[in-house]
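Trainee: Pasting in a structure now, in structure tokens, and then I'll have a few things to ask.
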Amino acid sequence: MLCGTPKDGICALEIAQNGAVIGVDEAGRGPLAGPVVAGAVVLGKSAPEGLADSKVLSSKKRAVLDEQIRVSCAWAVGVIEPPQIDEINILQATMQAMTEATERLAAALKCAIGEVIIDGNMTPEGRRDGWRWPARAIVGGDGSEAAISAASIVAKEWRDRIMIAAAEAHPHYGWERNKGYGSAEHMEALRKHGPTPLHRFSFAPVAQANLL
């Protein structure tokens, strides 16, 4: 399931007069392996306290908040796999993940979307054909806007679970620890064992390892 809503439905969400405010953020732009994941969240009236940028939270706290968000808020994720990242590049893949997450959430909500607020300095507007909502980029939004913080947590936890599961099938790379980033352990395994189908061949370290 790539999206969910509170058990009490839309009445449990914070919906302004002009529509829902969706927070969006991504996880996994930089790794050498695995998908890029975007989260989209509309806060619930009983949203958990302590929401913050996923990068500053401990893994234990982040996991607890992720579960609370998915119970009390409306949420969705978009997942773009490595072959598509290689085909359209990581920036466009990130924009596509955001578009898919927002599309899923908007479809589940069945209400007007007032605005989509996105962490960073750009939005998918004008970059992906499927984007059709009012959008605003906020630099540092994952630390200043609760809806974006929630989205960052959902995206990070979703992607981490993918990489931990992938580590069982590809045990040499330490993905359960580095989540696909280019750690020393990961780089050594690339040199020794070469890339897997989950690697991003358009990223230089993977392309170089593929030539060995």
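Here's how to read the names in the structure tokens: chain A, B, ... by the order shown, residue numbers from 1 in each chain, ligand numbers from 1 in the order shown.
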Using the chain letters and numbers from this document, which residues of range 19-145 of chain A does DSSP assign to helix (DSSP H, G or I), as number ranges by chain?
Mentor: A: 54-56, 59-72, 82-88, 90-109, 141-144
Trainee: Neighbouring residues of Ala147 in chain A were defined as those with any atom within 9 Å, considering only C-alpha atoms; residues of the same chain fewer than 4 positions away were excluded. Please report them as an MDAnalysis selection string.
Mentor: chainID A and resid 21:24 40:43 51 117 141:142 151:152
Trainee: How would the residues just picked look written out with all heavy atoms as a PDB file, in the first residue's frame?
Mentor:
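The file below, part16.pdb, is the result:
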ATOM      1  N   VAL A  21      -3.365  21.325   2.542  1.00  0.00           N
ATOM      2  CA  VAL A  21      -1.962  21.668   2.337  1.00  0.00           C
ATOM      3  C   VAL A  21      -1.158  20.383   2.437  1.00  0.00           C
ATOM      4  O   VAL A  21      -1.156  19.717   3.488  1.00  0.00           O
ATOM      5  CB  VAL A  21      -1.466  22.695   3.368  1.00  0.00           C
ATOM      6  CG1 VAL A  21       0.041  22.926   3.204  1.00  0.00           C
ATOM      7  CG2 VAL A  21      -2.228  24.004   3.224  1.00  0.00           C
ATOM      8  N   ILE A  22      -0.506  20.028   1.361  1.00  0.00           N
ATOM      9  CA  ILE A  22       0.295  18.808   1.299  1.00  0.00           C
ATOM     10  C   ILE A  22       1.774  19.167   1.459  1.00  0.00           C
ATOM     11  O   ILE A  22       2.279  20.023   0.731  1.00  0.00           O
ATOM     12  CB  ILE A  22       0.080  18.065  -0.025  1.00  0.00           C
ATOM     13  CG1 ILE A  22      -1.382  17.644  -0.180  1.00  0.00           C
ATOM     14  CG2 ILE A  22       1.008  16.858  -0.132  1.00  0.00           C
ATOM     15  CD1 ILE A  22      -1.684  16.955  -1.504  1.00  0.00           C
ATOM     16  N   GLY A  23       2.443  18.528   2.383  1.00  0.00           N
ATOM     17  CA  GLY A  23       3.890  18.654   2.513  1.00  0.00           C
ATOM     18  C   GLY A  23       4.580  17.535   1.760  1.00  0.00           C
ATOM     19  O   GLY A  23       4.128  16.381   1.803  1.00  0.00           O
ATOM     20  N   VAL A  24       5.652  17.846   1.049  1.00  0.00           N
ATOM     21  CA  VAL A  24       6.356  16.858   0.223  1.00  0.00           C
ATOM     22  C   VAL A  24       7.858  16.961   0.461  1.00  0.00           C
ATOM     23  O   VAL A  24       8.422  18.061   0.527  1.00  0.00           O
ATOM     24  CB  VAL A  24       6.045  17.071  -1.278  1.00  0.00           C
ATOM     25  CG1 VAL A  24       6.904  16.164  -2.150  1.00  0.00           C
ATOM     26  CG2 VAL A  24       4.569  16.819  -1.557  1.00  0.00           C
ATOM     27  N   ALA A  40       4.462  12.354   0.757  1.00  0.00           N
ATOM     28  CA  ALA A  40       3.492  13.451   0.736  1.00  0.00           C
ATOM     29  C   ALA A  40       2.566  13.263   1.929  1.00  0.00           C
ATOM     30  O   ALA A  40       2.072  12.154   2.152  1.00  0.00           O
ATOM     31  CB  ALA A  40       2.699  13.450  -0.565  1.00  0.00           C
ATOM     32  N   VAL A  41       2.348  14.327   2.695  1.00  0.00           N
ATOM     33  CA  VAL A  41       1.564  14.216   3.933  1.00  0.00           C
ATOM     34  C   VAL A  41       0.644  15.415   4.084  1.00  0.00           C
ATOM     35  O   VAL A  41       1.053  16.561   3.856  1.00  0.00           O
ATOM     36  CB  VAL A  41       2.491  14.117   5.170  1.00  0.00           C
ATOM     37  CG1 VAL A  41       1.677  14.200   6.470  1.00  0.00           C
ATOM     38  CG2 VAL A  41       3.298  12.827   5.145  1.00  0.00           C
ATOM     39  N   VAL A  42      -0.605  15.145   4.483  1.00  0.00           N
ATOM     40  CA  VAL A  42      -1.503  16.160   5.014  1.00  0.00           C
ATOM     41  C   VAL A  42      -1.646  15.871   6.497  1.00  0.00           C
ATOM     42  O   VAL A  42      -2.008  14.753   6.885  1.00  0.00           O
ATOM     43  CB  VAL A  42      -2.878  16.141   4.328  1.00  0.00           C
ATOM     44  CG1 VAL A  42      -3.837  17.107   5.029  1.00  0.00           C
ATOM     45  CG2 VAL A  42      -2.753  16.499   2.867  1.00  0.00           C
ATOM     46  N   LEU A  43      -1.337  16.843   7.327  1.00  0.00           N
ATOM     47  CA  LEU A  43      -1.338  16.621   8.764  1.00  0.00           C
ATOM     48  C   LEU A  43      -2.739  16.322   9.288  1.00  0.00           C
ATOM     49  O   LEU A  43      -3.735  16.898   8.832  1.00  0.00           O
ATOM     50  CB  LEU A  43      -0.783  17.841   9.487  1.00  0.00           C
ATOM     51  CG  LEU A  43       0.686  18.163   9.249  1.00  0.00           C
ATOM     52  CD1 LEU A  43       1.059  19.435   9.996  1.00  0.00           C
ATOM     53  CD2 LEU A  43       1.587  17.007   9.693  1.00  0.00           C
ATOM     54  N   LEU A  51       7.761  16.583  15.391  1.00  0.00           N
ATOM     55  CA  LEU A  51       8.120  16.441  13.981  1.00  0.00           C
ATOM     56  C   LEU A  51       9.317  17.331  13.659  1.00  0.00           C
ATOM     57  O   LEU A  51       9.381  18.480  14.072  1.00  0.00           O
ATOM     58  CB  LEU A  51       6.937  16.808  13.093  1.00  0.00           C
ATOM     59  CG  LEU A  51       5.715  15.898  13.185  1.00  0.00           C
ATOM     60  CD1 LEU A  51       4.558  16.468  12.378  1.00  0.00           C
ATOM     61  CD2 LEU A  51       6.055  14.494  12.700  1.00  0.00           C
ATOM     62  N   ILE A 117       3.523  22.219  -0.497  1.00  0.00           N
ATOM     63  CA  ILE A 117       4.781  22.842  -0.063  1.00  0.00           C
ATOM     64  C   ILE A 117       5.869  21.784  -0.089  1.00  0.00           C
ATOM     65  O   ILE A 117       5.687  20.668   0.393  1.00  0.00           O
ATOM     66  CB  ILE A 117       4.637  23.505   1.318  1.00  0.00           C
ATOM     67  CG1 ILE A 117       4.080  22.532   2.366  1.00  0.00           C
ATOM     68  CG2 ILE A 117       3.766  24.750   1.226  1.00  0.00           C
ATOM     69  CD1 ILE A 117       4.033  23.121   3.787  1.00  0.00           C
ATOM     70  N   GLY A 141      12.619  23.618   4.421  1.00  0.00           N
ATOM     71  CA  GLY A 141      11.247  23.350   4.828  1.00  0.00           C
ATOM     72  C   GLY A 141      11.088  22.101   5.663  1.00  0.00           C
ATOM     73  O   GLY A 141      10.151  21.999   6.459  1.00  0.00           O
ATOM     74  N   ASP A 142      12.009  21.141   5.503  1.00  0.00           N
ATOM     75  CA  ASP A 142      11.901  19.922   6.296  1.00  0.00           C
ATOM     76  C   ASP A 142      12.143  20.172   7.780  1.00  0.00           C
ATOM     77  O   ASP A 142      11.806  19.343   8.624  1.00  0.00           O
ATOM     78  CB  ASP A 142      12.847  18.831   5.775  1.00  0.00           C
ATOM     79  CG  ASP A 142      14.272  19.314   5.588  1.00  0.00           C
ATOM     80  OD1 ASP A 142      14.574  20.482   5.897  1.00  0.00           O
ATOM     81  OD2 ASP A 142      15.101  18.521   5.108  1.00  0.00           O
ATOM     82  N   ALA A 151       6.563  14.449   5.890  1.00  0.00           N
ATOM     83  CA  ALA A 151       6.837  13.816   4.601  1.00  0.00           C
ATOM     84  C   ALA A 151       8.265  13.288   4.537  1.00  0.00           C
ATOM     85  O   ALA A 151       8.523  12.219   3.979  1.00  0.00           O
ATOM     86  CB  ALA A 151       6.583  14.807   3.471  1.00  0.00           C
ATOM     87  N   SER A 152       9.207  14.036   5.105  1.00  0.00           N
ATOM     88  CA  SER A 152      10.602  13.596   5.090  1.00  0.00           C
ATOM     89  C   SER A 152      10.777  12.319   5.908  1.00  0.00           C
ATOM     90  O   SER A 152      11.551  11.434   5.532  1.00  0.00           O
ATOM     91  CB  SER A 152      11.522  14.706   5.609  1.00  0.00           C
ATOM     92  OG  SER A 152      11.494  14.824   7.017  1.00  0.00           O
TER      93      SER A 152
END
Trainee: Which parts of range 29-196 of chain A does DSSP call strand (DSSP E) when run on the backbone here, written out as a PyMOL selection string?
Mentor: chain A and resi 36-42+74-80+113-119+135-138
Trainee: Kindly export the residues of the current selection with N, CA, C and O atoms, as a compact mmCIF listing (two decimals), in the first residue's frame.
Mentor:
# COMPACT_ATOMS: atom_id res chain seq x y z
N VAL A 36 14.75 6.34 -5.44
CA VAL A 36 14.49 7.62 -4.79
C VAL A 36 13.02 7.59 -4.40
O VAL A 36 12.17 7.12 -5.16
N VAL A 37 12.73 8.04 -3.18
CA VAL A 37 11.37 7.96 -2.62
C VAL A 37 10.92 9.35 -2.20
O VAL A 37 11.67 10.09 -1.55
N ALA A 38 9.70 9.71 -2.56
CA ALA A 38 9.10 10.96 -2.08
C ALA A 38 7.94 10.63 -1.17
O ALA A 38 7.19 9.68 -1.42
N GLY A 39 7.80 11.42 -0.12
CA GLY A 39 6.65 11.32 0.76
C GLY A 39 5.77 12.54 0.60
O GLY A 39 6.26 13.64 0.34
N ALA A 40 4.46 12.35 0.76
CA ALA A 40 3.49 13.45 0.74
C ALA A 40 2.57 13.26 1.93
O ALA A 40 2.07 12.15 2.15
N VAL A 41 2.35 14.33 2.70
CA VAL A 41 1.56 14.22 3.93
C VAL A 41 0.64 15.42 4.08
O VAL A 41 1.05 16.56 3.86
N VAL A 42 -0.61 15.15 4.48
CA VAL A 42 -1.50 16.16 5.01
C VAL A 42 -1.65 15.87 6.50
O VAL A 42 -2.01 14.75 6.88
N ALA A 74 -2.89 11.82 6.64
CA ALA A 74 -3.02 11.23 5.31
C ALA A 74 -1.64 11.27 4.65
O ALA A 74 -0.95 12.29 4.71
N TRP A 75 -1.25 10.19 4.00
CA TRP A 75 0.11 10.11 3.49
C TRP A 75 0.14 9.27 2.20
O TRP A 75 -0.77 8.49 1.92
N ALA A 76 1.20 9.47 1.43
CA ALA A 76 1.44 8.66 0.25
C ALA A 76 2.93 8.71 -0.08
O ALA A 76 3.64 9.62 0.37
N VAL A 77 3.39 7.74 -0.83
CA VAL A 77 4.77 7.74 -1.30
C VAL A 77 4.82 7.52 -2.80
O VAL A 77 3.92 6.91 -3.39
N GLY A 78 5.87 8.03 -3.41
CA GLY A 78 6.20 7.76 -4.80
C GLY A 78 7.59 7.15 -4.84
O GLY A 78 8.50 7.66 -4.17
N VAL A 79 7.76 6.07 -5.56
CA VAL A 79 9.02 5.32 -5.60
C VAL A 79 9.48 5.19 -7.05
O VAL A 79 8.76 4.61 -7.87
N ILE A 80 10.66 5.70 -7.34
CA ILE A 80 11.24 5.59 -8.69
C ILE A 80 12.49 4.71 -8.61
O ILE A 80 13.44 5.02 -7.88
N ILE A 113 -7.07 20.71 -3.31
CA ILE A 113 -5.69 20.88 -2.82
C ILE A 113 -5.39 22.37 -2.86
O ILE A 113 -5.36 22.98 -3.94
N GLY A 114 -5.20 22.96 -1.69
CA GLY A 114 -4.91 24.39 -1.64
C GLY A 114 -3.50 24.72 -2.07
O GLY A 114 -3.28 25.66 -2.85
N GLU A 115 -2.54 23.92 -1.61
CA GLU A 115 -1.13 24.18 -1.93
C GLU A 115 -0.31 22.94 -1.60
O GLU A 115 -0.62 22.20 -0.67
N VAL A 116 0.74 22.74 -2.37
CA VAL A 116 1.74 21.72 -2.06
C VAL A 116 3.03 22.45 -1.71
O VAL A 116 3.55 23.23 -2.51
N ILE A 117 3.52 22.22 -0.50
CA ILE A 117 4.78 22.84 -0.06
C ILE A 117 5.87 21.78 -0.09
O ILE A 117 5.69 20.67 0.39
N ILE A 118 7.01 22.14 -0.68
CA ILE A 118 8.05 21.17 -1.01
C ILE A 118 9.38 21.65 -0.46
O ILE A 118 9.76 22.82 -0.63
N ASP A 119 10.10 20.74 0.17
CA ASP A 119 11.43 21.10 0.67
C ASP A 119 12.39 21.33 -0.49
O ASP A 119 12.39 20.60 -1.48
N ALA A 135 2.13 25.01 -6.19
CA ALA A 135 3.30 24.49 -5.48
C ALA A 135 4.22 25.63 -5.04
O ALA A 135 4.34 26.64 -5.72
N ARG A 136 4.85 25.40 -3.89
CA ARG A 136 5.81 26.39 -3.37
C ARG A 136 7.00 25.66 -2.76
O ARG A 136 6.83 24.78 -1.92
N ALA A 137 8.20 26.01 -3.22
CA ALA A 137 9.42 25.43 -2.66
C ALA A 137 9.86 26.24 -1.44
O ALA A 137 9.80 27.47 -1.46
N ILE A 138 10.31 25.54 -0.41
CA ILE A 138 10.77 26.18 0.82
C ILE A 138 12.13 25.60 1.19
O ILE A 138 12.24 24.41 1.54
Trainee: Need the shell around His186 in chain A: protein/DNA/RNA residues with any atom at most 12 Å away, counting only C-alpha atoms. Skip same-chain ones fewer than 5 positions apart. Format as a list in words?
Mentor: Pro31, Leu32, Ala33, Ala167, His170, Pro171, His172, Tyr173, Gly174, Trp175, Glu176, Arg177, Asn178, Lys179, Gly180, Tyr181, Arg191, Lys192, His193, Gly194, Pro195, Thr196, His199, Pro205, Val206 and Ala209 of chain A
Trainee: Those residues you just picked out, can you put them in a file as a PDB file, in the first residue's frame with C-alpha atoms?
Mentor:
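Contents of out-v2.pdb, freshly written:
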ATOM      1  CA  PRO A  31      22.920   6.994  -2.932  1.00  0.00           C
ATOM      2  CA  LEU A  32      24.568   4.759  -5.498  1.00  0.00           C
ATOM      3  CA  ALA A  33      21.882   2.090  -5.189  1.00  0.00           C
ATOM      4  CA  ALA A 167      20.518  -6.187   1.729  1.00  0.00           C
ATOM      5  CA  HIS A 170      22.709  -8.558  -1.902  1.00  0.00           C
ATOM      6  CA  PRO A 171      24.629  -8.994   1.363  1.00  0.00           C
ATOM      7  CA  HIS A 172      28.070  -7.784   0.253  1.00  0.00           C
ATOM      8  CA  TYR A 173      27.323  -4.048   0.144  1.00  0.00           C
ATOM      9  CA  GLY A 174      26.232  -3.283   3.692  1.00  0.00           C
ATOM     10  CA  TRP A 175      22.975  -1.658   2.616  1.00  0.00           C
ATOM     11  CA  GLU A 176      21.389  -2.398   5.978  1.00  0.00           C
ATOM     12  CA  ARG A 177      23.956   0.052   7.371  1.00  0.00           C
ATOM     13  CA  ASN A 178      24.686   2.544   4.563  1.00  0.00           C
ATOM     14  CA  LYS A 179      21.267   2.418   2.789  1.00  0.00           C
ATOM     15  CA  GLY A 180      23.017   2.509  -0.584  1.00  0.00           C
ATOM     16  CA  TYR A 181      25.231   5.541   0.033  1.00  0.00           C
ATOM     17  CA  ARG A 191      35.205  -2.951  -6.654  1.00  0.00           C
ATOM     18  CA  LYS A 192      35.196  -6.586  -5.563  1.00  0.00           C
ATOM     19  CA  HIS A 193      31.770  -7.790  -6.697  1.00  0.00           C
ATOM     20  CA  GLY A 194      30.651  -5.210  -9.268  1.00  0.00           C
ATOM     21  CA  PRO A 195      27.240  -3.541  -9.419  1.00  0.00           C
ATOM     22  CA  THR A 196      23.846  -5.192  -8.941  1.00  0.00           C
ATOM     23  CA  HIS A 199      22.682   0.105  -8.578  1.00  0.00           C
ATOM     24  CA  PRO A 205      31.307   5.272  -9.178  1.00  0.00           C
ATOM     25  CA  VAL A 206      28.912   2.575 -10.408  1.00  0.00           C
ATOM     26  CA  ALA A 209      32.983  -0.254 -11.307  1.00  0.00           C
TER      27      ALA A 209
END
Trainee: Skipping near chain neighbours, those fewer than 5 positions away, what residues fall within 12 Å of Ser72 in chain A using only C-alpha atoms, listed as a list in words?
Mentor: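 These residues fall inside the cut-off: Gly4, Thr5, Pro6, Lys7, Asp8, Gly9, Ile10, Cys11, Ala12, Leu13, Glu14, Val41, Val42, Leu43, Gly44, Lys45, Ser46, Ala47, Pro48, Glu49, Leu65, Asp66, Glu67 and Ala150 of chain A.
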Trainee: Residues of the last selection are to be written out with N, CA, C and O atoms, as a short mmCIF file (atom, residue, chain, number, x, y, z; two decimals), in the first residue's frame.
Mentor:
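The resulting file, selection-v4.cif, is reproduced below:
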data_model
loop_
_atom_site.label_atom_id
_atom_site.label_comp_id
_atom_site.auth_asym_id
_atom_site.auth_seq_id
_atom_site.Cartn_x
_atom_site.Cartn_y
_atom_site.Cartn_z
N GLY A 4 -2.27 6.13 2.55
CA GLY A 4 -3.21 5.81 3.61
C GLY A 4 -3.83 7.07 4.17
O GLY A 4 -3.29 8.17 4.02
N THR A 5 -4.98 6.92 4.80
CA THR A 5 -5.67 8.03 5.45
C THR A 5 -6.05 7.63 6.86
O THR A 5 -6.12 6.43 7.18
N PRO A 6 -6.30 8.60 7.75
CA PRO A 6 -6.69 8.26 9.12
C PRO A 6 -7.98 7.45 9.13
O PRO A 6 -8.82 7.59 8.24
N LYS A 7 -8.14 6.61 10.15
CA LYS A 7 -9.34 5.77 10.22
C LYS A 7 -10.60 6.60 10.32
O LYS A 7 -11.68 6.16 9.92
N ASP A 8 -10.51 7.85 10.85
CA ASP A 8 -11.66 8.73 10.96
C ASP A 8 -11.91 9.53 9.68
O ASP A 8 -12.82 10.35 9.63
N GLY A 9 -11.11 9.30 8.66
CA GLY A 9 -11.33 9.93 7.37
C GLY A 9 -10.91 11.39 7.33
O GLY A 9 -10.15 11.88 8.17
N ILE A 10 -11.42 12.07 6.33
CA ILE A 10 -10.99 13.44 6.07
C ILE A 10 -11.32 14.39 7.22
O ILE A 10 -10.65 15.40 7.41
N CYS A 11 -12.33 14.05 8.02
CA CYS A 11 -12.69 14.92 9.15
C CYS A 11 -11.58 14.99 10.18
O CYS A 11 -11.54 15.91 11.01
N ALA A 12 -10.65 14.03 10.15
CA ALA A 12 -9.55 14.01 11.11
C ALA A 12 -8.35 14.82 10.63
O ALA A 12 -7.35 14.92 11.34
N LEU A 13 -8.44 15.42 9.43
CA LEU A 13 -7.32 16.15 8.84
C LEU A 13 -7.48 17.65 9.01
O LEU A 13 -8.59 18.17 9.19
N GLU A 14 -6.35 18.34 8.92
CA GLU A 14 -6.33 19.79 8.98
C GLU A 14 -6.56 20.34 7.56
O GLU A 14 -5.62 20.52 6.81
N VAL A 41 2.35 14.33 2.70
CA VAL A 41 1.56 14.22 3.93
C VAL A 41 0.64 15.42 4.08
O VAL A 41 1.05 16.56 3.86
N VAL A 42 -0.61 15.15 4.48
CA VAL A 42 -1.50 16.16 5.01
C VAL A 42 -1.65 15.87 6.50
O VAL A 42 -2.01 14.75 6.88
N LEU A 43 -1.34 16.84 7.33
CA LEU A 43 -1.34 16.62 8.76
C LEU A 43 -2.74 16.32 9.29
O LEU A 43 -3.74 16.90 8.83
N GLY A 44 -2.79 15.44 10.26
CA GLY A 44 -4.03 15.19 10.96
C GLY A 44 -4.18 16.15 12.13
O GLY A 44 -3.21 16.76 12.59
N LYS A 45 -5.40 16.30 12.62
CA LYS A 45 -5.63 17.16 13.77
C LYS A 45 -4.92 16.64 15.02
O LYS A 45 -4.64 17.39 15.95
N SER A 46 -4.64 15.34 15.04
CA SER A 46 -3.90 14.75 16.14
C SER A 46 -2.51 14.28 15.68
O SER A 46 -2.01 13.25 16.11
N ALA A 47 -1.89 15.07 14.80
CA ALA A 47 -0.55 14.75 14.32
C ALA A 47 0.42 14.67 15.49
O ALA A 47 0.27 15.38 16.49
N PRO A 48 1.41 13.81 15.42
CA PRO A 48 2.34 13.65 16.55
C PRO A 48 3.18 14.89 16.80
O PRO A 48 3.46 15.67 15.87
N GLU A 49 3.57 15.07 18.03
CA GLU A 49 4.49 16.15 18.38
C GLU A 49 5.92 15.72 18.08
O GLU A 49 6.22 14.54 17.95
N LEU A 65 7.83 8.06 15.04
CA LEU A 65 7.07 9.13 14.40
C LEU A 65 6.45 8.67 13.09
O LEU A 65 5.31 9.03 12.77
N ASP A 66 7.18 7.87 12.33
CA ASP A 66 6.65 7.35 11.07
C ASP A 66 5.36 6.58 11.31
O ASP A 66 4.36 6.78 10.61
N GLU A 67 5.36 5.72 12.29
CA GLU A 67 4.15 4.95 12.60
C GLU A 67 3.01 5.87 13.03
O GLU A 67 1.86 5.69 12.61
N ALA A 150 7.00 15.79 8.31
CA ALA A 150 6.32 14.49 8.30
C ALA A 150 6.59 13.74 7.01
O ALA A 150 6.84 12.52 7.02
#
